[in-house]
>>> print(open('entry.cif').read())   # mmCIF, C-alpha atoms
data_final
#
loop_
_atom_site.label_atom_id
_atom_site.label_comp_id
_atom_site.auth_asym_id
_atom_site.auth_seq_id
_atom_site.Cartn_x
_atom_site.Cartn_y
_atom_site.Cartn_z
CA GLN W 1 -26.46 -8.98 28.61
CA THR W 2 -23.48 -6.93 29.75
CA GLY W 3 -23.55 -5.88 33.41
CA SER W 4 -22.82 -2.22 32.61
CA LEU W 5 -25.82 -1.84 30.27
CA GLU W 6 -28.07 -3.85 32.58
CA VAL W 7 -27.29 -1.53 35.48
CA ARG W 8 -27.84 1.55 33.30
CA LEU W 9 -31.25 0.29 32.22
CA ALA W 10 -32.15 -0.25 35.89
CA MET W 11 -31.01 3.29 36.68
CA TRP W 12 -33.04 4.77 33.83
CA GLN W 13 -36.17 2.82 34.80
CA GLY W 14 -35.85 3.93 38.42
CA THR W 15 -35.23 7.53 37.34
CA LEU W 16 -38.36 7.54 35.17
CA ARG W 17 -40.40 6.40 38.18
CA LEU W 18 -38.77 9.13 40.29
CA ILE W 19 -39.63 11.73 37.62
CA ARG W 20 -43.23 10.48 37.55
CA ASP W 21 -43.53 10.98 41.33
CA HIS W 22 -41.89 14.46 41.25
CA LEU W 23 -43.07 15.57 37.83
CA TRP W 24 -43.50 19.34 38.30
CA THR W 25 -40.81 20.35 40.77
CA GLY W 26 -38.11 17.70 40.57
CA VAL W 27 -36.21 16.58 43.68
CA GLY W 28 -33.87 19.59 43.84
CA ILE W 29 -30.33 20.33 42.71
CA GLY W 30 -27.87 17.72 43.98
CA ASN W 31 -30.59 15.64 45.65
CA PHE W 32 -30.71 12.80 43.12
CA ALA W 33 -28.49 10.36 45.05
CA LEU W 34 -30.68 10.49 48.16
CA ALA W 35 -34.00 10.75 46.35
CA PHE W 36 -33.17 7.70 44.20
CA VAL W 37 -32.78 5.33 47.18
CA PRO W 38 -36.44 4.12 47.20
CA TYR W 39 -36.23 3.49 43.43
CA ARG W 40 -33.28 1.08 43.48
CA SER W 41 -34.18 -2.23 41.83
CA ALA W 42 -32.96 -5.78 42.39
CA VAL W 43 -30.37 -5.36 39.61
CA ILE W 44 -28.71 -2.51 41.49
CA TYR W 45 -28.88 -4.37 44.81
CA GLN W 46 -26.81 -7.16 43.20
CA HIS W 47 -23.90 -4.68 43.40
CA PRO W 48 -23.84 -3.78 47.14
CA GLY W 49 -20.98 -1.32 46.85
CA MET W 50 -22.57 0.73 44.07
CA GLN W 51 -23.45 4.33 44.89
CA VAL W 52 -26.01 5.67 42.40
CA GLU W 53 -25.15 9.37 42.37
CA HIS W 54 -26.37 10.03 38.80
CA PRO W 55 -28.65 8.16 36.39
CA HIS W 56 -25.86 7.99 33.75
CA ASN W 57 -27.97 10.19 31.50
CA GLU W 58 -27.71 13.98 31.70
CA LEU W 59 -31.17 14.67 30.29
CA LEU W 60 -32.85 12.37 32.81
CA ASN W 61 -30.77 13.93 35.59
CA GLU W 62 -31.84 17.46 34.64
CA VAL W 63 -35.53 16.50 34.56
CA ALA W 64 -35.29 14.50 37.81
CA GLU W 65 -33.64 17.35 39.74
CA LEU W 66 -35.17 20.45 38.10
CA GLY W 67 -38.44 19.23 36.60
CA PRO W 68 -39.81 20.75 33.38
CA LEU W 69 -37.68 23.90 33.80
CA GLY W 70 -34.54 21.77 33.70
CA LEU W 71 -35.72 20.12 30.50
CA LEU W 72 -36.48 23.50 28.92
CA ALA W 73 -33.04 24.85 29.91
CA PHE W 74 -31.33 21.80 28.42
CA LEU W 75 -33.31 22.06 25.16
CA TRP W 76 -32.69 25.84 25.01
CA LEU W 77 -28.93 25.28 25.22
CA PHE W 78 -29.03 22.52 22.60
CA LEU W 79 -31.11 24.57 20.13
CA SER W 80 -28.92 27.65 20.71
CA VAL W 81 -25.80 25.65 19.81
CA VAL W 82 -27.48 24.29 16.67
CA GLN W 83 -28.59 27.79 15.66
CA VAL W 84 -25.15 29.35 16.15
CA GLY W 85 -23.43 26.44 14.39
CA TRP W 86 -25.79 26.71 11.42
CA ARG W 87 -25.22 30.46 11.23
CA LEU W 88 -21.44 30.08 11.31
CA ALA W 89 -21.44 27.32 8.72
CA ARG W 90 -23.18 29.66 6.27
CA ARG W 91 -20.89 32.64 6.85
CA ALA W 92 -18.32 33.20 4.14
CA ASP W 93 -15.72 34.64 6.55
CA ALA W 94 -15.94 31.78 9.08
CA ARG W 95 -13.13 29.24 9.51
CA ARG W 96 -15.27 26.28 8.62
CA GLU W 97 -12.69 23.65 9.57
CA ILE W 98 -12.60 25.08 13.12
CA VAL W 99 -16.38 25.33 13.24
CA ALA W 100 -16.62 21.69 12.15
CA GLY W 101 -14.15 20.63 14.85
CA VAL W 102 -15.99 22.51 17.61
CA LEU W 103 -19.41 21.24 16.53
CA GLY W 104 -18.03 17.71 16.21
CA GLY W 105 -16.68 17.86 19.77
CA LEU W 106 -20.00 19.17 21.11
CA ALA W 107 -21.93 16.52 19.15
CA ALA W 108 -19.72 13.79 20.65
CA ALA W 109 -20.24 15.18 24.16
CA PHE W 110 -24.00 15.38 23.63
CA ALA W 111 -24.11 11.77 22.37
CA TYR W 112 -22.12 10.61 25.40
CA THR W 113 -24.52 12.36 27.80
CA ASN W 114 -27.04 9.62 26.98
CA LEU W 115 -24.80 7.04 28.69
CA PHE W 116 -22.77 9.05 31.21
CA TYR W 117 -22.89 12.14 33.44
CA VAL W 118 -20.53 14.21 31.27
CA LEU W 119 -21.42 17.63 32.71
CA HIS W 120 -20.84 16.40 36.28
CA VAL W 121 -17.19 15.43 35.63
CA PRO W 122 -15.05 18.60 35.97
CA ALA W 123 -12.63 17.76 33.14
CA SER W 124 -15.44 16.91 30.70
CA ALA W 125 -17.55 19.89 31.77
CA MET W 126 -14.57 22.22 31.26
CA SER W 127 -13.98 20.79 27.78
CA VAL W 128 -17.62 21.42 26.87
CA ALA W 129 -17.41 24.95 28.32
CA ILE W 130 -14.29 25.70 26.23
CA LEU W 131 -15.98 24.46 23.05
CA LEU W 132 -19.08 26.55 23.80
CA GLY W 133 -16.86 29.57 24.44
CA MET W 134 -15.06 29.06 21.12
CA LEU W 135 -18.37 28.78 19.30
CA ASP W 136 -19.71 31.93 20.94
CA GLY W 137 -16.46 33.80 20.30
CA MET W 138 -16.54 32.97 16.58
CA ASP W 139 -20.12 34.17 16.40
CA ARG W 140 -19.41 37.56 17.95
CA ARG W 141 -18.52 40.63 15.93
CA VAL W 142 -17.23 43.13 18.45
CA THR W 143 -17.18 46.70 17.14
CA GLN W 144 -16.96 50.09 18.75
CA ASP W 145 -20.74 50.50 18.45
CA ASP W 146 -21.43 47.14 20.12
CA ARG W 147 -19.48 48.06 23.25
CA GLY W 148 -21.96 50.77 24.18
CA VAL W 149 -25.05 48.58 23.95
CA PRO W 150 -26.84 48.38 27.33
CA VAL W 151 -27.68 45.07 28.99
CA ARG W 152 -30.64 43.56 27.18
CA LEU W 153 -33.52 41.40 28.30
CA ALA W 154 -31.97 38.48 26.40
CA PHE W 155 -29.10 38.63 28.90
CA LEU W 156 -31.15 39.33 32.02
CA LEU W 157 -33.82 36.68 31.44
CA PRO W 158 -31.50 33.63 31.77
CA ILE W 159 -29.99 35.17 34.92
CA LEU W 160 -33.44 35.65 36.45
CA VAL W 161 -34.43 32.07 35.58
CA VAL W 162 -31.22 30.66 37.11
CA MET W 163 -31.59 32.80 40.25
CA GLY W 164 -35.21 31.68 40.57
CA LEU W 165 -34.23 28.02 40.28
CA LEU W 166 -31.44 28.38 42.83
CA SER W 167 -33.71 30.25 45.26
CA TYR W 168 -36.41 27.60 44.96
CA HIS W 169 -34.13 24.60 45.37
CA TYR W 170 -31.74 26.01 47.99
CA PHE W 171 -34.20 28.04 50.08
CA VAL W 172 -37.87 27.24 49.44
CA ARG W 173 -37.52 23.43 49.32
CA PRO W 174 -35.40 23.11 52.51
CA MET W 175 -37.72 25.57 54.26
CA GLY W 176 -40.76 23.49 53.25
CA GLY W 177 -39.03 20.37 54.59
CA GLU W 178 -38.26 22.08 57.91
CA ILE W 179 -41.87 23.28 58.28
CA HIS W 180 -43.26 19.77 57.77
CA TYR W 181 -40.62 18.38 60.16
CA TRP W 182 -41.67 20.90 62.81
CA LEU W 183 -45.34 19.95 62.28
CA ALA W 184 -44.42 16.26 62.64
CA GLU W 185 -42.68 16.92 65.97
CA LYS W 186 -45.75 18.80 67.14
CA ASP W 187 -48.03 15.92 66.12
CA PHE W 188 -45.86 13.36 67.92
CA LYS W 189 -45.88 15.42 71.13
CA GLU W 190 -49.66 15.46 70.95
CA LYS W 191 -49.66 11.68 70.22
CA ARG W 192 -51.06 12.05 66.70
CA VAL W 193 -48.75 9.43 65.23
CA GLU W 194 -50.37 8.97 61.81
CA ALA W 195 -50.48 12.71 61.17
CA GLY W 196 -46.86 13.00 62.29
CA LEU W 197 -45.76 10.27 59.87
CA ARG W 198 -47.59 12.00 57.02
CA HIS W 199 -45.74 15.23 57.79
CA LEU W 200 -42.43 13.33 57.90
CA GLU W 201 -43.12 11.88 54.45
CA ARG W 202 -43.88 15.37 53.13
CA SER W 203 -40.71 16.66 54.79
CA LEU W 204 -38.66 14.06 52.89
CA ALA W 205 -40.46 14.90 49.64
CA TRP W 206 -39.64 18.59 50.05
CA ASN W 207 -36.07 18.07 51.21
CA PRO W 208 -34.52 14.63 50.50
CA TYR W 209 -31.43 15.61 52.51
CA ALA W 210 -33.59 15.07 55.59
CA HIS W 211 -32.83 11.35 55.01
CA VAL W 212 -29.41 12.06 56.55
#
>>> encode(input="entry.cif", output="structure tokens")
Amino acid sequence: QTGSLEVRLAMWQGTLRLIRDHLWTGVGIGNFALAFVPYRSAVIYQHPGMQVEHPHNELLNEVAELGPLGLLAFLWLFLSVVQVGWRLARRADARREIVAGVLGGLAAAFAYTNLFYVLHVPASAMSVAILLGMLDGMDRRVTQDDRGVPVRLAFLLPILVVMGLLSYHYFVRPMGGEIHYWLAEKDFKEKRVEAGLRHLERSLAWNPYAHV
């Protein structure tokens, strides 16, 4: 019955409805705060000064903004950390006490992401990045032969995926919103009000920042 948990449950319920309505594409990077407005419940309205910028759950935030690709990226990172940690724990030359400390810190951060937006707070995100860097550094065995290895597909593929996501959310989505907005203006000039309102709704769906 605590207010903090009650508000979180309301945020999660609203976010699940938002995900249902934008299942395949998400609402776009950084668009959650504006896209969530129609999904605010009575519990949240009891706190007039509250600004819901994140759903207080990193996994829900990734799915809401990026859709299935965001979920896959999150799971890929999680499974990669588990794989590297398992490999290091079995290596005879690894400093197991350091490995345990790094994995413990990452496990704590992952557990906290279920109740808070850890990766959106610069200090917390930097701590997670440092732990990931330590884990990756312990897993590397840099030799003279390794330095001459060309860039592999395993390195290029994540870059291409990230660039594709950024292009879609920062170029394609806003462009789609502008096109529907232009069509709405055209409909209104020709006194086709219902058609214009439909295009405005599609404009907001493509680019929630049009709310501003």
>>> closest_atom_pairs(input="entry.cif", of="region 96-179 of chain W", to="region 57-76 of chain W", cutoff="8 Å", atoms="all atoms listed in the file", output="Markdown table")
| residue | atom | partner | partner_atom | distance |
| --- | --- | --- | --- | --- |
| W:Thr113 | CA | W:Glu58 | CA | 5.3 |
| W:Asn114 | CA | W:Asn57 | CA | 4.6 |
| W:Leu115 | CA | W:Asn57 | CA | 5.3 |
| W:Phe116 | CA | W:Asn57 | CA | 5.3 |
| W:Tyr117 | CA | W:Glu58 | CA | 5.4 |
| W:Val118 | CA | W:Glu58 | CA | 7.2 |
| W:Leu119 | CA | W:Glu58 | CA | 7.3 |
| W:Leu165 | CA | W:Leu66 | CA | 7.9 |
>>> closest_residue(input="entry.cif", among="W:Leu183, W:Pro158, W:His199, W:Val84", to="Met138 (chain W)", atoms="all atoms listed in the file")
W:Val84
>>> atom_distance(input="entry.cif", atom1="CA of Ile19 (chain W)", atom2="CA of His120 (chain W)")
19.4 Å
>>> closest_residue(input="entry.cif", among="W:Ala205, W:Leu23, W:Leu88, W:Ala33", to="Asp139 (chain W)", atoms="only C-alpha atoms")
W:Leu88
>>> resolve_selection(input="entry.cif", expression="the PyMOL selection byres ((chain W and resi 200) around 10)", output="PyMOL selection string")
chain W and resi 177-185+194-199+201-206+210
>>> closest_residue(input="entry.cif", among="W:Ala111, W:Val162, W:Ala10, W:Gly104", to="Tyr45 (chain W)", atoms="all atoms listed in the file")
W:Ala10
>>> atom_distance(input="entry.cif", atom1="CA of Pro38 (chain W)", atom2="CA of Tyr112 (chain W)")
26.9 Å
>>> closest_residue(input="entry.cif", among="W:Val161, W:Ala89, W:Leu135, W:Leu34", to="Tyr209 (chain W)", atoms="only C-alpha atoms")
W:Leu34
>>> atom_distance(input="entry.cif", atom1="CA of Tyr39 (chain W)", atom2="CA of Leu18 (chain W)")
6.9 Å
